[in-house]
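K.L.:
What follows is a single structure, and I will ask about it in a moment.
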Amino acid sequence: MLLTVTCLGQFMVLLDNTIVGAALPDMQHRLHTQLTGLQWIVDAYVLLVAMLLLSGGVFADRFGRKRVYLTGVAVFTTASVLCSLAPSVGWLVAGRALQGIGAAALSPASLALLVAAYPVPQERVKAIGLWAGFSGIGLAAGPVAGGALTDAFGWPAIFLVNLPIGVVLLLVGLRSLEETRNPGAPAIDVPGTVLSVLGVGTMTYGLIEGGARGWTSPLILGSFTAAVILLAAFVAVEARRSAPMMPLRLFRQRLFTVSNTAMVVVGAALMGSSFFFSQFFVYVQGSSILRAGLQTLPLSVAMVVVSPYAGRLAARYGFRIVVTTGLALAGLGLLALGMVHADTGYGNVWWRLGVVGIGFALTMSPLTGAAIQAVSPQEGGLASGISSTTRQIGAVLGVAVLGAVVRTRQSDGASFEAGLDSAFLAAGTVTLATAVFTGLWLTKSKPAQGSAALQRSAGPDAVTTPNKASTNSR
């Protein structure tokens, strides 16, 4: 029962990652918002997950994994209901931020419960494999479920679907889960958490609002200045704390720094481009919302299918070859998407999405494996968590930056289609440049002992936390 409860909770979180994208066109129409509003709807959630994910794992170990897991479920479910009732974009963004807080508690706690319940390494790997498999199902089901629910009932339905799942998890979890904790868990890094949220949030504000308010307006320039000051303060605080949320000393290892830098680009290019897929099919090619959801499937299906094999390939050929190949494929696929137009038939579009999905699937688990190999076995869980955090930070910035590209092009008189082409071309160019970067600097070495099994258990969102538990099982 514990396995079912934890897997279903992770399924709900991952479903929410992709189900919202399918509903963005309907949100824009019904809420009378512009591109900036849609960016905030997505980034409010991703920002809180990115900045609180590491703290969520510490909370679970320190205060009880069952307690934090069920609290996360309750917050996430309540926030979902609030999102469905939101009368305006502002209320919806607030609800999405609350969802992010719930997800940041729920996801690491669910995996921590599995780790505690399966002390035998072989059994633990199987359990994590199922956990990651549910993640893949959630990612793949999101576009279809979002398109179908939005087409039939409108965008609020995509949030209400979480209500029955959350209620069942709370009722069953209260009775079936056993409380576990780690008495030796470190203290919560409150200053680091607060500064990271404020710093990245302020930078995101400048990137999203800059296209609408003007890049030279005092408010935007002030936000970028404040972001630099806050992030500098974050670095200073983390350098002085005995138990920081993000130990800066780990970045002295080249392999760790290169892998996390590449992960930022992966998160930015993947999330930033995915943000526009449904909008392209609806606004440029005239598809219905349901059909648009189905048309985006090749990306998520490719990731679900290829991700389990990425670790095996990295174990055989080394991180550098697999990651560089994946980034090159993803970059070429994004460049190809930048050449798609209103009259391009779907038969000439789906394979481009598939190439992007295959490329990114080949990068995520090996990049986390590389980060884990760069540190001591005792710090493998921390390295995995940081890798997930950098990917989420990239996702926040990707939605903001590519949205800014589209807005800037439109302000210069270009069409929405031309703006999308520029965004996809920009994402592809940066991804290809990162492929060159990893090809030169990502150390060519095979994963440490146990990494192959670790990666075989990983699903399409393996960079989030499966590696953390698998590493602890070594």
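Chain labels A, B, ... are given in the sequence in which chains occur in the structure tokens; within each chain residues are numbered consecutively from 1, and ligands are likewise numbered from 1 in the order shown.
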What's the 7 Å shell around segment 293-307 of chain A, counting only C-alpha atoms, without same-chain residues fewer than 5 positions away, as a VMD selection string?

P.N.:
chain A and resid 22 136 139 to 140 143 to 144 146 to 147 277 to 278 350 353 to 354 356 to 358 361 to 362 459 to 460

K.L.:
Output the selection as a CSV table (one decimal), in the first residue's frame - C-alpha atoms for each residue.

P.N.:
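So the final result, stored in again28.csv, reads:
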chain,number,residue,atom,x,y,z
A,22,ALA,CA,-2.6,22.0,-22.9
A,136,GLY,CA,6.5,8.8,-16.9
A,139,LEU,CA,4.2,13.2,-18.0
A,140,ALA,CA,2.7,11.4,-21.0
A,143,PRO,CA,-1.2,16.7,-22.7
A,144,VAL,CA,-4.0,14.3,-23.6
A,146,GLY,CA,-5.4,18.4,-20.3
A,147,GLY,CA,-6.7,18.7,-23.9
A,277,PHE,CA,3.8,23.9,-28.2
A,278,SER,CA,0.0,23.9,-27.6
A,350,TRP,CA,5.7,15.2,-35.2
A,353,LEU,CA,9.0,16.9,-31.5
A,354,GLY,CA,10.1,13.3,-31.3
A,356,VAL,CA,13.6,16.9,-29.2
A,357,GLY,CA,12.2,14.3,-26.8
A,358,ILE,CA,14.8,11.7,-27.6
A,361,ALA,CA,15.8,12.0,-22.6
A,362,LEU,CA,19.4,11.1,-23.3
A,459,GLY,CA,12.1,7.4,-15.6
A,460,PRO,CA,11.6,10.6,-17.7

K.L.:
Show which residues sit within 10 Å of Leu231 of chain A, as a VMD selection string. Count only C-alpha atoms, and ignore same-chain residues fewer than 2 positions away.

P.N.:
chain A and resid 192 195 to 200 202 to 203 226 to 229 233 to 237

K.L.:
Save out the residues we just selected, C-alpha atoms, as a compact mmCIF listing (two decimals), in the first residue's frame.

P.N.:
# COMPACT_ATOMS: atom_id res chain seq x y z
CA GLY A 192 19.52 30.52 2.02
CA LEU A 195 17.33 34.60 -0.48
CA SER A 196 17.19 32.04 -3.29
CA VAL A 197 13.42 32.45 -3.71
CA LEU A 198 13.67 36.24 -3.69
CA GLY A 199 16.72 36.36 -5.97
CA VAL A 200 15.48 34.02 -8.68
CA THR A 202 13.07 38.95 -8.84
CA MET A 203 15.12 37.99 -11.87
CA ALA A 226 17.85 43.66 -6.86
CA ALA A 227 18.24 40.15 -8.26
CA VAL A 228 22.01 40.55 -8.52
CA ILE A 229 22.22 41.86 -4.94
CA ALA A 233 23.86 37.75 -0.69
CA PHE A 234 22.78 34.13 -1.19
CA VAL A 235 26.30 33.15 -2.25
CA ALA A 236 27.79 35.00 0.72
CA VAL A 237 25.41 33.37 3.19

K.L.:
Can you pull out the residues contacting Ala112 of chain A? Cut-off 8 Å, using only C-alpha atoms, and skip same-chain residues under 5 positions away; I want them as a ChimeraX atom specification.

P.N.:
/A:57,60-61,65,469

K.L.:
Excluding same-chain residues fewer than 5 positions from Met1 of chain A, what lies within 10 Å of it counting only C-alpha atoms, as an NGL selection string?

P.N.:
:A and (6-7 or 172-173 or 176-177)

K.L.:
Could you write out the selected residues, including N, CA and C atoms, as an mmCIF file, in the first residue's frame?

P.N.:
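The resulting result_22.cif:
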data_model
loop_
_atom_site.group_PDB
_atom_site.id
_atom_site.type_symbol
_atom_site.label_atom_id
_atom_site.label_comp_id
_atom_site.auth_asym_id
_atom_site.auth_seq_id
_atom_site.Cartn_x
_atom_site.Cartn_y
_atom_site.Cartn_z
ATOM 1 N N THR A 6 2.683 6.383 -2.443
ATOM 2 C CA THR A 6 3.772 7.275 -2.837
ATOM 3 C C THR A 6 3.829 7.461 -4.356
ATOM 4 N N CYS A 7 3.604 6.392 -5.102
ATOM 5 C CA CYS A 7 3.634 6.499 -6.568
ATOM 6 C C CYS A 7 2.489 7.367 -7.082
ATOM 7 N N VAL A 172 -6.096 7.219 2.744
ATOM 8 C CA VAL A 172 -5.342 5.968 2.785
ATOM 9 C C VAL A 172 -3.993 6.176 3.484
ATOM 10 N N GLY A 173 -3.350 7.319 3.209
ATOM 11 C CA GLY A 173 -2.040 7.580 3.796
ATOM 12 C C GLY A 173 -2.079 7.697 5.307
ATOM 13 N N SER A 176 -2.287 3.956 6.458
ATOM 14 C CA SER A 176 -1.344 2.919 6.020
ATOM 15 C C SER A 176 0.129 3.312 6.150
ATOM 16 N N LEU A 177 0.436 4.591 6.135
ATOM 17 C CA LEU A 177 1.841 4.997 6.181
ATOM 18 C C LEU A 177 2.366 4.993 7.610
#

K.L.:
Hey, which of A:Pro308, A:Ala148, A:Thr193, A:Ala395 ends up closest to Ala292 of chain A? Count only C-alpha atoms.

P.N.:
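The shortest atom-to-atom distance to Ala292 of chain A comes from A:Ala148.
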
K.L.:
Determine, counting only C-alpha atoms, which protein, DNA and RNA residues have an atom within 9 Å of an atom of Gly338 of chain A; residues of the same chain fewer than 6 positions away are not included. Present the result as a PyMOL selection string.

P.N.:
chain A and resi 418+420-426+428

K.L.:
Print the selection's residues with N, CA, C and O atoms to a file, as a PDB file, in the first residue's frame.

P.N.:
ATOM      1  N   ALA A 418       6.117  34.281 -36.177  1.00  0.00           N
ATOM      2  CA  ALA A 418       7.523  34.660 -36.333  1.00  0.00           C
ATOM      3  C   ALA A 418       8.234  34.707 -34.982  1.00  0.00           C
ATOM      4  O   ALA A 418       9.407  34.324 -34.865  1.00  0.00           O
ATOM      5  N   LEU A 420       7.486  32.838 -32.381  1.00  0.00           N
ATOM      6  CA  LEU A 420       7.726  31.446 -31.981  1.00  0.00           C
ATOM      7  C   LEU A 420       8.924  30.870 -32.717  1.00  0.00           C
ATOM      8  O   LEU A 420       9.747  30.154 -32.121  1.00  0.00           O
ATOM      9  N   ASP A 421       9.020  31.153 -34.012  1.00  0.00           N
ATOM     10  CA  ASP A 421      10.166  30.663 -34.771  1.00  0.00           C
ATOM     11  C   ASP A 421      11.470  31.159 -34.153  1.00  0.00           C
ATOM     12  O   ASP A 421      12.435  30.393 -33.994  1.00  0.00           O
ATOM     13  N   SER A 422      11.503  32.422 -33.773  1.00  0.00           N
ATOM     14  CA  SER A 422      12.712  32.991 -33.162  1.00  0.00           C
ATOM     15  C   SER A 422      13.017  32.322 -31.824  1.00  0.00           C
ATOM     16  O   SER A 422      14.184  32.056 -31.502  1.00  0.00           O
ATOM     17  N   ALA A 423      11.976  32.038 -31.041  1.00  0.00           N
ATOM     18  CA  ALA A 423      12.173  31.393 -29.741  1.00  0.00           C
ATOM     19  C   ALA A 423      12.733  29.991 -29.911  1.00  0.00           C
ATOM     20  O   ALA A 423      13.681  29.590 -29.208  1.00  0.00           O
ATOM     21  N   PHE A 424      12.167  29.205 -30.832  1.00  0.00           N
ATOM     22  CA  PHE A 424      12.663  27.845 -31.051  1.00  0.00           C
ATOM     23  C   PHE A 424      14.090  27.858 -31.590  1.00  0.00           C
ATOM     24  O   PHE A 424      14.926  27.041 -31.198  1.00  0.00           O
ATOM     25  N   LEU A 425      14.376  28.792 -32.498  1.00  0.00           N
ATOM     26  CA  LEU A 425      15.736  28.891 -33.045  1.00  0.00           C
ATOM     27  C   LEU A 425      16.733  29.287 -31.958  1.00  0.00           C
ATOM     28  O   LEU A 425      17.858  28.770 -31.908  1.00  0.00           O
ATOM     29  N   ALA A 426      16.321  30.193 -31.058  1.00  0.00           N
ATOM     30  CA  ALA A 426      17.202  30.603 -29.961  1.00  0.00           C
ATOM     31  C   ALA A 426      17.467  29.429 -29.022  1.00  0.00           C
ATOM     32  O   ALA A 426      18.619  29.183 -28.615  1.00  0.00           O
ATOM     33  N   GLY A 428      17.284  26.245 -29.742  1.00  0.00           N
ATOM     34  CA  GLY A 428      18.104  25.264 -30.442  1.00  0.00           C
ATOM     35  C   GLY A 428      19.563  25.672 -30.505  1.00  0.00           C
ATOM     36  O   GLY A 428      20.467  24.844 -30.317  1.00  0.00           O
TER      37      GLY A 428
END

K.L.:
Would you mind listing, for every residue of segment 308-351 of chain A within 9 Å of segment 255-270 of chain A, the two atoms forming the shortest contact and the distance between them in Å to one decimal, using only C-alpha atoms, sorted by chain and ascending residue number, as a tab-separated table?

P.N.:
residue	atom	partner	partner_atom	distance
A:Leu327	CA	A:Val266	CA	8.0
A:Ala330	CA	A:Leu270	CA	8.8
A:Gly331	CA	A:Ala269	CA	8.8
A:Leu334	CA	A:Ala269	CA	8.7

K.L.:
Can I get the selected residues back with N, CA and C atoms, as a compact mmCIF listing (two decimals), in the first residue's frame?

P.N.:
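Generated file (out26.txt):
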# COMPACT_ATOMS: atom_id res chain seq x y z
N LEU A 327 22.19 16.35 -26.42
CA LEU A 327 22.04 17.80 -26.59
C LEU A 327 22.07 18.19 -28.07
N ALA A 330 18.65 17.26 -29.50
CA ALA A 330 17.62 18.19 -29.02
C ALA A 330 17.78 19.55 -29.70
N GLY A 331 19.02 20.02 -29.83
CA GLY A 331 19.25 21.31 -30.47
C GLY A 331 18.82 21.31 -31.93
N LEU A 334 15.02 21.36 -32.12
CA LEU A 334 14.47 22.70 -31.86
C LEU A 334 14.68 23.63 -33.06

K.L.:
Need the shell around Ile386 of chain A: protein/DNA/RNA residues with any atom at most 12 Å away, counting only C-alpha atoms. Skip same-chain ones fewer than 2 positions apart. Format as a ChimeraX atom specification?

P.N.:
/A:50-55,57,244-248,250-251,256-257,259-261,263-264,367-369,371-372,375,379-384,388-393,463-465,467-468

K.L.:
Quick one: everything within 10 Å of His341 of chain A, counting only C-alpha atoms, minus sequence neighbours fewer than 2 positions away in the same chain. Send it as number ranges by chain.

P.N.:
A: 280, 284-285, 337-339, 343-345, 349, 417-418, 420-421

K.L.:
Counting only C-alpha atoms, which residue out of A:Ser110, A:Asn348, A:Ser242, A:Ser88 sits closest to Phe11 of chain A?

P.N.:
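Comparing A:Ser110, A:Asn348, A:Ser242, A:Ser88 against Phe11 of chain A, the winner is A:Ser110.
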